[in-house]
Every structure is written in structure tokens, then in C-alpha cells.
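*Asks:* Quick one, coords_35.cif (mmCIF, C-alpha atoms):
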```cif
data_input
loop_
_atom_site.label_atom_id
_atom_site.label_comp_id
_atom_site.auth_asym_id
_atom_site.auth_seq_id
_atom_site.Cartn_x
_atom_site.Cartn_y
_atom_site.Cartn_z
CA MET M 1249 25.62 -5.91 -7.88
CA ALA M 1250 28.22 -7.83 -9.85
CA ASP M 1251 25.95 -10.88 -9.87
CA GLU M 1252 23.01 -8.74 -10.94
CA HIS M 1253 24.97 -7.31 -13.87
CA ALA M 1254 26.11 -10.78 -14.88
CA GLU M 1255 22.54 -11.99 -14.89
CA ARG M 1256 21.41 -9.10 -17.04
CA ASP M 1257 24.12 -9.93 -19.56
CA GLU M 1258 23.09 -13.58 -19.84
CA GLY M 1259 20.97 -12.87 -22.92
CA GLY M 1260 23.94 -11.37 -24.74
CA GLY M 1261 23.19 -9.21 -27.74
CA ALA M 1262 19.72 -10.71 -28.04
CA LEU M 1263 18.45 -8.61 -25.12
CA ARG M 1264 20.64 -5.54 -25.54
CA GLY M 1265 18.79 -2.24 -25.51
CA LEU M 1266 15.72 -3.41 -23.58
CA GLU M 1267 14.33 -1.23 -20.82
CA LEU M 1268 14.62 -2.62 -17.30
CA LYS M 1269 10.84 -3.13 -16.93
CA THR M 1270 10.92 -5.29 -20.07
CA LEU M 1271 14.26 -6.97 -19.39
CA ASP M 1272 13.24 -8.52 -16.07
CA PRO M 1273 10.24 -10.54 -17.36
CA TYR M 1274 12.24 -11.50 -20.46
CA LEU M 1275 15.09 -12.82 -18.33
CA ALA M 1276 12.61 -14.69 -16.14
CA GLY M 1277 11.02 -16.27 -19.20
CA ARG M 1278 14.38 -17.26 -20.64
CA ARG M 1279 15.62 -18.75 -17.37
CA ALA M 1280 12.42 -20.48 -16.20
CA ARG M 1281 10.95 -21.72 -19.51
CA VAL M 1282 13.10 -21.28 -22.62
CA VAL M 1283 16.30 -22.84 -21.23
CA PRO M 1284 14.58 -25.83 -19.49
CA ALA M 1285 12.48 -26.57 -22.59
CA LEU M 1286 14.98 -25.93 -25.38
CA GLY M 1287 18.39 -25.36 -23.83
CA HIS M 1288 19.51 -28.94 -24.46
CA LEU M 1289 18.97 -28.64 -28.23
CA PRO M 1290 21.50 -27.28 -30.75
CA VAL M 1291 20.12 -24.09 -32.32
CA ARG M 1292 19.87 -25.75 -35.75
CA MET M 1293 17.54 -28.41 -34.31
CA ILE M 1294 15.00 -25.85 -33.03
CA THR M 1295 12.40 -25.97 -35.81
CA ASN M 1296 8.99 -24.37 -36.22
CA GLY M 1297 7.43 -27.64 -35.06
CA VAL M 1298 9.59 -27.80 -31.94
CA VAL M 1299 8.73 -24.21 -31.08
CA ASP M 1300 5.03 -24.81 -31.71
CA ARG M 1301 4.91 -27.85 -29.40
CA THR M 1302 6.90 -26.00 -26.75
CA GLU M 1303 4.48 -23.06 -26.82
CA GLN M 1304 1.55 -25.46 -26.48
CA ASN M 1305 3.20 -26.98 -23.41
CA TRP M 1306 3.60 -23.53 -21.84
CA ILE M 1307 -0.09 -22.87 -22.41
CA ALA M 1308 -1.06 -26.31 -21.10
CA ASP M 1309 1.03 -25.62 -17.99
CA GLU M 1310 -1.41 -22.77 -17.27
CA HIS M 1311 1.05 -19.90 -17.44
CA SER M 1312 -0.65 -16.53 -17.72
CA ARG M 1313 -1.12 -14.87 -21.09
CA SER M 1314 1.50 -12.22 -20.28
CA THR M 1315 3.98 -14.90 -19.16
CA VAL M 1316 3.57 -16.82 -22.41
CA LYS M 1317 3.83 -13.61 -24.42
CA ASN M 1318 7.06 -12.53 -22.71
CA THR M 1319 8.57 -16.01 -23.00
CA ILE M 1320 7.83 -16.20 -26.71
CA ALA M 1321 9.20 -12.68 -27.17
CA VAL M 1322 12.54 -13.52 -25.56
CA LEU M 1323 12.76 -16.75 -27.57
CA VAL M 1324 12.18 -14.76 -30.76
CA ARG M 1325 14.99 -12.35 -29.85
CA VAL M 1326 17.41 -15.16 -28.98
CA MET M 1327 16.72 -16.97 -32.26
CA GLU M 1328 16.96 -13.70 -34.19
CA GLN M 1329 20.47 -13.31 -32.81
CA ALA M 1330 21.27 -16.76 -34.22
CA VAL M 1331 20.03 -15.56 -37.62
CA ARG M 1332 22.27 -12.49 -37.45
CA ASP M 1333 25.21 -14.69 -36.48
CA GLY M 1334 24.62 -16.84 -39.55
CA ILE M 1335 23.89 -20.00 -37.54
CA ILE M 1336 20.41 -20.37 -39.07
CA LYS M 1337 18.70 -18.71 -42.01
CA VAL M 1338 15.14 -18.32 -40.71
CA ASN M 1339 13.87 -17.57 -37.21
CA PRO M 1340 11.72 -20.59 -36.24
CA ALA M 1341 10.26 -18.77 -33.25
CA ARG M 1342 8.31 -16.35 -35.41
CA VAL M 1343 5.15 -18.45 -35.35
CA SER M 1344 1.58 -17.24 -35.17
CA GLY M 1345 -1.56 -18.62 -33.62
CA TRP M 1346 -0.55 -18.97 -29.98
CA GLN M 1347 -3.15 -16.40 -28.96
CA LYS M 1348 -5.85 -18.58 -30.50
CA LEU M 1349 -4.50 -21.61 -28.66
CA TYR M 1350 -4.50 -19.65 -25.42
CA LYS M 1351 -8.08 -18.52 -25.98
CA LEU M 1352 -9.11 -22.13 -26.53
CA ALA M 1353 -7.43 -23.09 -23.27
CA GLU M 1354 -9.21 -20.25 -21.47
CA ASP M 1355 -12.58 -21.34 -22.85
CA GLU M 1356 -11.81 -24.93 -21.83
CA LEU M 1357 -12.18 -27.63 -24.45
CA LEU M 1358 -15.14 -27.76 -26.81
CA ASP M 1359 -15.80 -31.19 -25.33
CA PRO M 1360 -14.25 -31.08 -21.85
CA ARG M 1361 -15.78 -34.45 -20.97
CA ALA M 1362 -13.59 -36.22 -23.53
CA PRO M 1363 -10.31 -36.29 -21.54
CA ALA M 1364 -11.97 -37.05 -18.18
CA LEU M 1365 -10.90 -40.21 -16.36
CA PRO M 1366 -13.67 -42.82 -16.38
CA ASN M 1367 -13.88 -43.73 -12.69
CA TRP M 1368 -12.37 -43.65 -9.21
CA GLU M 1369 -10.34 -46.83 -9.72
CA THR M 1370 -8.62 -45.31 -12.75
CA LEU M 1371 -7.77 -42.19 -10.75
CA ILE M 1372 -6.19 -44.18 -7.94
CA ALA M 1373 -4.24 -46.28 -10.44
CA LEU M 1374 -2.92 -43.07 -12.04
CA ALA M 1375 -1.98 -41.55 -8.68
CA ASP M 1376 -0.16 -44.71 -7.58
CA ALA M 1377 1.71 -44.97 -10.89
CA LEU M 1378 2.88 -41.35 -10.65
CA VAL M 1379 4.12 -41.91 -7.10
CA ALA M 1380 5.97 -45.06 -8.17
CA ALA M 1381 7.68 -43.17 -11.00
CA SER M 1382 8.77 -40.25 -8.81
CA HIS M 1383 12.03 -39.88 -6.92
CA ASP M 1384 11.79 -41.60 -3.51
CA GLN M 1385 8.14 -42.47 -4.35
CA TYR M 1386 6.82 -39.29 -2.75
CA ARG M 1387 3.15 -39.87 -1.80
CA GLY M 1388 2.36 -36.18 -2.02
CA TRP M 1389 2.27 -36.24 -5.82
CA GLY M 1390 -0.49 -38.85 -5.81
CA GLU M 1391 -2.40 -36.89 -3.18
CA VAL M 1392 -2.26 -33.73 -5.29
CA VAL M 1393 -3.60 -35.65 -8.29
CA THR M 1394 -6.40 -37.26 -6.28
CA PHE M 1395 -7.36 -33.95 -4.64
CA ALA M 1396 -7.44 -32.20 -8.03
CA ALA M 1397 -9.71 -34.83 -9.57
CA CYS M 1398 -12.15 -34.54 -6.65
CA THR M 1399 -12.30 -30.74 -6.30
CA ALA M 1400 -12.11 -29.48 -9.92
CA ALA M 1401 -9.28 -27.18 -8.87
CA ARG M 1402 -6.30 -26.07 -10.91
CA ILE M 1403 -2.88 -27.29 -9.78
CA GLY M 1404 -1.87 -23.71 -8.99
CA GLU M 1405 -4.92 -23.33 -6.73
CA ILE M 1406 -4.06 -26.53 -4.90
CA SER M 1407 -0.50 -25.28 -4.43
CA GLY M 1408 -1.89 -22.04 -2.96
CA CYS M 1409 -4.20 -23.83 -0.51
CA HIS M 1410 -3.50 -23.08 3.16
CA VAL M 1411 -4.52 -25.28 6.06
CA GLY M 1412 -6.89 -22.54 7.25
CA ASP M 1413 -8.74 -22.61 3.92
CA ILE M 1414 -10.22 -26.03 4.73
CA ASP M 1415 -13.31 -26.17 6.96
CA THR M 1416 -13.21 -29.72 8.34
CA THR M 1417 -16.55 -29.26 10.09
CA GLN M 1418 -18.52 -28.81 6.88
CA TRP M 1419 -15.71 -30.13 4.67
CA ILE M 1420 -15.61 -27.11 2.41
CA TRP M 1421 -12.51 -25.58 0.84
CA THR M 1422 -12.53 -21.84 0.24
CA VAL M 1423 -10.32 -21.30 -2.81
CA ARG M 1424 -8.65 -17.92 -2.30
CA ARG M 1425 -5.36 -17.94 -4.19
CA GLN M 1426 -3.20 -19.71 -6.74
CA THR M 1427 0.54 -20.22 -7.16
CA THR M 1428 1.97 -18.81 -10.38
CA PRO M 1429 5.46 -18.37 -11.85
CA ALA M 1430 7.08 -14.98 -11.27
CA PRO M 1431 10.54 -13.45 -11.59
CA GLY M 1432 12.58 -15.11 -8.87
CA GLY M 1433 10.35 -18.17 -8.48
CA LEU M 1434 6.78 -19.17 -7.66
CA THR M 1435 4.46 -16.80 -5.84
CA ASP M 1436 0.79 -16.57 -4.81
CA LYS M 1437 -1.83 -14.27 -6.26
CA GLY M 1438 -5.63 -14.18 -6.49
CA THR M 1439 -7.62 -16.87 -8.24
CA LYS M 1440 -8.17 -16.75 -11.99
CA GLY M 1441 -11.59 -15.12 -11.62
CA LYS M 1442 -10.27 -12.78 -8.88
CA ARG M 1443 -13.01 -14.10 -6.57
CA ALA M 1444 -12.91 -16.66 -3.79
CA ARG M 1445 -15.16 -19.67 -4.25
CA LYS M 1446 -16.26 -22.61 -2.13
CA VAL M 1447 -15.62 -26.20 -3.17
CA PRO M 1448 -16.91 -29.35 -1.44
CA VAL M 1449 -14.39 -31.88 -0.15
CA ALA M 1450 -15.81 -35.33 -0.92
CA GLU M 1451 -15.89 -37.95 1.81
CA GLU M 1452 -13.51 -40.19 -0.16
CA ILE M 1453 -10.65 -37.73 0.37
CA HIS M 1454 -11.40 -36.73 3.98
CA PRO M 1455 -8.63 -39.04 5.34
CA LEU M 1456 -6.16 -37.67 2.78
CA VAL M 1457 -6.91 -34.05 3.70
CA ALA M 1458 -6.92 -34.76 7.43
CA GLN M 1459 -3.48 -36.36 7.16
CA ARG M 1460 -2.13 -33.41 5.16
CA ILE M 1461 -3.43 -30.99 7.81
CA LEU M 1462 -1.76 -33.06 10.53
CA LEU M 1463 1.56 -33.03 8.65
CA ALA M 1464 1.37 -29.29 7.96
CA GLY M 1465 1.00 -28.41 11.64
CA PRO M 1466 -1.23 -25.94 13.51
CA ASP M 1467 -0.31 -22.81 11.53
CA PRO M 1468 -3.41 -21.89 9.45
CA ASP M 1469 -1.16 -20.24 6.86
CA ALA M 1470 0.88 -23.41 6.29
CA LEU M 1471 0.63 -24.87 2.78
CA LEU M 1472 -1.58 -27.95 2.62
CA PHE M 1473 0.35 -29.49 -0.28
CA THR M 1474 4.07 -29.14 -0.93
CA GLY M 1475 6.85 -30.90 -2.79
CA PRO M 1476 9.07 -33.45 -1.05
CA ARG M 1477 11.36 -30.69 0.21
CA GLY M 1478 8.55 -28.40 1.32
CA GLY M 1479 8.56 -26.22 -1.78
CA ARG M 1480 5.63 -24.94 -3.79
CA ILE M 1481 4.31 -27.00 -6.65
CA SER M 1482 3.19 -26.15 -10.16
CA THR M 1483 1.83 -28.16 -13.05
CA ALA M 1484 5.31 -28.18 -14.61
CA VAL M 1485 6.90 -29.36 -11.36
CA LEU M 1486 4.29 -32.12 -11.06
CA ARG M 1487 4.92 -33.18 -14.66
CA ASP M 1488 8.68 -33.37 -14.31
CA ALA M 1489 8.78 -34.91 -10.83
CA THR M 1490 6.44 -37.77 -11.73
CA HIS M 1491 7.55 -38.35 -15.33
CA TRP M 1492 3.93 -37.60 -16.18
CA ASP M 1493 4.14 -38.03 -19.94
CA ASP M 1494 5.71 -41.47 -19.70
CA VAL M 1495 3.30 -42.67 -17.02
CA VAL M 1496 0.08 -41.60 -18.72
CA THR M 1497 1.28 -43.06 -22.02
CA LYS M 1498 1.91 -46.44 -20.39
CA LEU M 1499 -1.57 -46.32 -18.84
CA GLY M 1500 -3.16 -45.61 -22.23
CA TYR M 1501 -3.95 -41.93 -21.56
CA GLU M 1502 -1.16 -40.36 -23.61
CA HIS M 1503 -3.14 -37.14 -24.18
CA LEU M 1504 -4.00 -36.60 -20.51
CA ARG M 1505 -2.77 -33.27 -19.14
CA ARG M 1506 -2.63 -32.09 -15.54
CA HIS M 1507 -5.51 -29.71 -16.31
CA ASP M 1508 -7.63 -32.71 -17.35
CA LEU M 1509 -7.92 -33.62 -13.67
CA ARG M 1510 -10.13 -30.53 -13.39
CA HIS M 1511 -12.17 -31.72 -16.38
CA THR M 1512 -12.50 -35.09 -14.65
CA ALA M 1513 -13.91 -33.60 -11.45
CA LEU M 1514 -16.39 -31.34 -13.25
CA THR M 1515 -17.55 -34.27 -15.39
CA TRP M 1516 -18.07 -36.41 -12.29
CA PHE M 1517 -19.93 -33.60 -10.52
CA ALA M 1518 -22.20 -33.20 -13.55
CA ASP M 1519 -22.87 -36.94 -13.81
CA ALA M 1520 -23.69 -36.99 -10.09
CA GLY M 1521 -26.58 -34.64 -10.83
CA VAL M 1522 -25.12 -31.42 -9.39
CA PRO M 1523 -27.30 -28.56 -10.74
CA VAL M 1524 -25.59 -26.52 -13.42
CA HIS M 1525 -25.72 -23.26 -11.43
CA VAL M 1526 -23.98 -24.97 -8.49
CA LEU M 1527 -21.45 -26.61 -10.81
CA ARG M 1528 -20.64 -23.21 -12.25
CA ARG M 1529 -19.86 -21.84 -8.78
CA ILE M 1530 -17.65 -24.82 -7.93
CA ALA M 1531 -15.74 -24.41 -11.20
CA GLY M 1532 -15.49 -20.65 -10.94
CA HIS M 1533 -16.60 -20.27 -14.54
CA GLY M 1534 -17.43 -16.80 -15.78
CA SER M 1535 -19.77 -18.14 -18.46
CA LEU M 1536 -22.64 -20.58 -17.93
CA THR M 1537 -22.03 -21.87 -21.46
CA THR M 1538 -18.64 -23.20 -20.38
CA THR M 1539 -20.22 -25.09 -17.47
CA GLN M 1540 -22.98 -26.55 -19.64
CA ARG M 1541 -20.38 -28.36 -21.74
CA TYR M 1542 -19.91 -30.76 -18.84
CA LEU M 1543 -23.52 -31.92 -18.84
CA HIS M 1544 -24.02 -35.49 -19.95
CA PRO M 1545 -25.28 -35.86 -23.54
CA ASP M 1546 -28.40 -37.60 -22.21
CA VAL M 1547 -29.47 -34.26 -20.75
CA HIS M 1548 -29.97 -32.99 -24.28
CA LYS M 1549 -32.25 -35.96 -24.99
CA ILE M 1550 -34.29 -35.12 -21.91
CA THR M 1551 -34.50 -31.49 -22.99
CA ALA M 1552 -35.61 -32.62 -26.44
CA ALA M 1553 -38.30 -34.79 -24.84
CA GLY M 1554 -39.60 -31.73 -22.99
CA ALA M 1555 -39.71 -29.77 -26.24
CA ALA M 1556 -41.59 -32.64 -27.91
CA LEU M 1557 -44.16 -32.62 -25.10
CA SER M 1558 -44.63 -28.86 -25.49
CA ALA M 1559 -45.16 -29.34 -29.22
CA HIS M 1560 -47.76 -31.99 -28.42
CA PHE M 1561 -49.61 -29.62 -26.06
CA ASN M 1562 -49.57 -26.90 -28.70
CA ALA M 1563 -51.04 -29.30 -31.20
CA LEU M 1564 -53.85 -30.19 -28.79
CA ARG M 1565 -54.63 -26.51 -28.21
CA ALA M 1566 -54.67 -25.66 -31.92
CA PRO M 1567 -58.18 -24.96 -33.36
CA ARG M 1568 -59.58 -27.91 -35.29
CA SER M 1569 -61.71 -27.75 -38.42
CA GLN M 1570 -65.17 -29.28 -38.22
CA PRO M 1571 -65.15 -32.91 -39.36
CA SER M 1572 -67.17 -33.90 -42.40
CA PRO M 1573 -70.48 -35.65 -41.73
CA ILE M 1574 -70.22 -39.41 -41.58
CA VAL M 1575 -72.47 -41.15 -44.11
CA MET M 1576 -73.66 -44.57 -43.08
CA THR M 1577 -74.12 -47.08 -45.90
CA ARG M 1578 -75.46 -50.55 -45.92
#
```
Take the structure I supplied and represent it as C-alpha cells, if you would.

*Replies:*
Amino acid sequence: MADEHAERDEGGGALRGLELKTLDPYLAGRRARVVPALGHLPVRMITNGVVDRTEQNWIADEHSRSTVKNTIAVLVRVMEQAVRDGIIKVNPARVSGWQKLYKLAEDELLDPRAPALPNWETLIALADALVAASHDQYRGWGEVVTFAACTAARIGEISGCHVGDIDTTQWIWTVRRQTTPAPGGLTDKGTKGKRARKVPVAEEIHPLVAQRILLAGPDPDALLFTGPRGGRISTAVLRDATHWDDVVTKLGYEHLRRHDLRHTALTWFADAGVPVHVLRRIAGHGSLTTTQRYLHPDVHKITAAGAALSAHFNALRAPRSQPSPIVMTR
């Protein structure tokens, strides 16, 4: 109990007066996100721009809307305490617009094809570079990246994949759960759409998956992918463990996020000619409009050609006026 009380006092006056049901998620947000992201900075160096970029990173790391909301709320309270103490004059955490950013992330990008990796060779080069940059060159990080770019899955869904979820007869993965941050650490819950979906496992990654199953052992509930010490993974863990930002910048993909591996897979599926209704089921999209954004621009040209042909048929069916008599002259 003494440890519990000490933990609840870690926010100082900033969190005083909060109800227990509010205090717990606030403490979790402060400990798991605010301190790792901003704890190394003096309070006076935490500007509106720093806060804005930090919030964008939390959204890009695929934290839930409530998690982002609670994390921002505790940051606001901590910085407000600094204002009251006279350390700073204005609270830089009181920024607006994160809800709009989150909505954009939920809707995917307006042009989700833009950040997709161009080909298989580029993917393998990225995976190898991330492994080389990681501690002890752990191969699992590269395997997670390769698997993500071939299945269109979110990193949290890959982390929540059990050995028993993979059908190696038909090579189909039934996506049933995802790993998400929670008070006390990472935990599993249902997928984003709350529905299981089936995803094909391409032949190129059959050896990778077979080896992971062999390493995990016979227990169908064993995690297929783990960190080097057997722990769960998240997009933030993957970023930090592989020095992601530095690696992708050196490779010329400085804007590439972990979530862009999903965009890569869906773009490749679309370019391979997968019908849009099947692509939607693989992606788990709620809206067909979101899935259609992955179709190659040439599809629009083909659609336009069909419309032009229809216009031509309509013109042929339209009633014609009688032609004027032709007068022959010498």
C-alpha cells in the first residue's frame, strides 16, 4: 500500500483532487507517454511546437482516442502546475486540433498510396537496416516489418497474433485481437473493428512464419512475434528498439511511419488486381471509400473509358433528324 500511495503522489499538486477512476488513466498516461517523450526536457523548453509534434507521435503510434485524450489531459495539468509555480507564463499544452488529426489518422491518409514502399527489394533493405541498427541485431524486428508489409496488419494486431491464429494448410491468418497500452503495461483486446477478419499469408513469407511457429512452440496461444526478451511489442517499442527514425531517414524515407507498412501492403494488394470488396475485407475497413483510395490511378482512366463508351452508345441511340436531299450538279 505504501508503494501504491507513493505512485499516486507522483503527479504532485497537478493531479490533486482527481477521482480514482480518473487518476489511474492519468497516471498511466504520465508514466507511459508524457515522461518518456518529454521528461528529459526542462519545463521552459516545452513549447507549443514540441507539444504538437509529441501529440502527433502519440496518434501515429496508434494509441486509442481515449488514451491520447487522457495523456494530453495529464500533460495540461502538469504544465498548469508549472504556470502556477511561476516557472512559465503560458501553458504550452493547451493546444487544439488533435481531434482533427486523430480523425484523419482514423480515415487513413487522403492518398494512402503515397507513403507505400515501392517494391519487395526496398522492404527487405528496410527490414535488414532496422535489424542492423537494433541492439544485438535482433532478427525479429525485421520479421515484424516484413510481415506487416505483406499482410496489411497494424503492429498491434501482429503483436496480438497467436500461433493458433495461423492456418498453415491454407496459409490464412485470422486476425482476432490487438495489443494496446493499458495501465500497468500492454494488454490484448479486440480488433479495431471489433470483428475478426481473414488475411492471406503470401508465399514469400511462408518460411518466415513457419520459423516463428517453430520457435514459439506447440502452444496455440503462444505469441507468434515477441521482442528479444519475449515481451509484447508495440509501434513505439518497434520505433525505439530499431532507431526507426534514423534508419528511414538514411534510406531516404524520412516520413515513413510504422503504420505505412499497412499502406504498403494494401497498395500492393490493389496493384496485384485484388477486387476492391476483397481488399476491404483484408483491410478491415468500415467504409468502402477508404479502401477505394488504394486503387491505382489508372483504374480511374479505365472507368472514364467505360463512361465514354456509354456516352457513345447513347449518341448512337439518339433520334436523328432527316438529312437534307442531296442535289447533284454537273

*Asks:* With the PyMOL selection byres ((chain M and resi 1300) around 10) as the selection, what would be picked from this file? Answer as a count of residues only, please.

*Replies:* 17

*Asks:* With all atoms listed in the file as the atoms that count, which of M:Ala1377, M:Ile1453, M:Leu1527, M:Ile1403 lies nearest to Val1485 (chain M)?

*Replies:*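 Closest to Val1485 (chain M), using all atoms listed in the file: M:Ile1403.
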
*Asks:* As a list in words, please: the residues near His1311 (chain M) (cut-off 10 Å, only C-alpha atoms, same-chain neighbours under 6 positions excluded).

*Replies:* Asn1305, Lys1317, Tyr1350, Gly1404, Thr1428, Pro1429, Ala1430, Ser1482, Thr1483 and Ala1484 of chain M

*Asks:* Between M:Trp1419, M:Asn1367, M:Glu1391, M:Gly1479, which has the minimum distance to Leu1434 (chain M) (counting only C-alpha atoms)?

*Replies:*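 Smallest separation from Leu1434 (chain M) among the options: M:Gly1479.
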
*Asks:* List the residues matched by the PyMOL selection byres ((chain M and resi 1281-1289) around 9) in the displayed structure as a ChimeraX atom specification, ordered by chain and then by residue number.

*Replies:* /M:1276-1280,1290-1294,1298-1299,1302,1306,1319-1320,1322-1323

*Asks:* Which residues would end up in the selection if the PyMOL selection byres ((chain M and resi 1443) around 10) were applied here, given that I need the answer as a list in words?

*Replies:*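 Evaluating the PyMOL selection byres ((chain M and resi 1443) around 10) on these coordinates yields Val1423, Arg1424, Arg1425, Gly1438, Thr1439, Lys1440, Gly1441, Lys1442, Ala1444, Arg1445 and Gly1532 of chain M.
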
*Asks:* What is the distance, in Å and to one decimal place, between CA of Tyr1542 (chain M) and CA of Ala1362 (chain M)?

*Replies:* 9.6 Å

*Asks:* Applying 7 Å and all atoms listed in the file, which residues near region 1381-1385 of chain M remain after dropping the ones on its own chain fewer than 4 positions away? List them as number ranges by chain.

*Replies:* M: 1377, 1489-1491

*Asks:* Do a neighbour search on Glu1451 (chain M) at 12 Å with only C-alpha atoms, toss out local chain neighbours closer than 3 positions, and write the hits as a list in words.

*Replies:*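 Contacts, with the query itself left out: Phe1395, Cys1398, Thr1399, Thr1416, Gln1418, Trp1419, Ile1420, Pro1448, His1454, Pro1455, Leu1456, Val1457 and Ala1458 of chain M.
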
*Asks:* Counting all atoms listed in the file, which of M:Cys1409, M:Val1547, M:Val1526, M:Ile1481 gets nearest to Arg1460 (chain M)?

*Replies:* M:Cys1409

*Asks:* Using Å and a single decimal, report how far CA of Thr1427 (chain M) sits from CA of Thr1270 (chain M).

*Replies:* 22.3 Å

*Asks:* Which residue gives the smallest distance to Ile1461 (chain M) among M:Thr1422, M:Val1411, M:Ala1556, M:Arg1505, with only C-alpha atoms counted?

*Replies:*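 Checking each of M:Thr1422, M:Val1411, M:Ala1556, M:Arg1505 against Ile1461 (chain M), counting only C-alpha atoms, the winner is M:Val1411.
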
*Asks:* Hey, what's within 9 Å of Tyr1386 (chain M) if we count all atoms listed in the file and toss same-chain stuff fewer than 4 positions away? As a list in words, please?

*Replies:*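 Listing them by chain and then by number gives Val1379, Ala1380, Ser1382, Gly1390, Gly1475 and Pro1476 of chain M.
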
*Asks:* Suppose you want the space between CA of Val1338 (chain M) and CA of Asn1318 (chain M); what is it in Å?

*Replies:* 20.6 Å

*Asks:* Show which residues sit within 7 Å of Leu1365 (chain M), as a count of residues only. Count all atoms listed in the file, and ignore same-chain residues fewer than 4 positions away.

*Replies:* 3

*Asks:* Choose the residue, out of M:Leu1374, M:Gly1465, M:Thr1537, M:Ala1553, that has the smallest atom-to-atom separation from Trp1492 (chain M); count all atoms listed in the file.

*Replies:*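 The closest residue to Trp1492 (chain M) is M:Leu1374.
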
*Asks:* Which one of M:Pro1468, M:Gly1534, M:Pro1545, M:Pro1360 sits closest to His1507 (chain M) if you count all atoms listed in the file?

*Replies:*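 That would be M:Pro1360, the residue with the smallest distance to His1507 (chain M).
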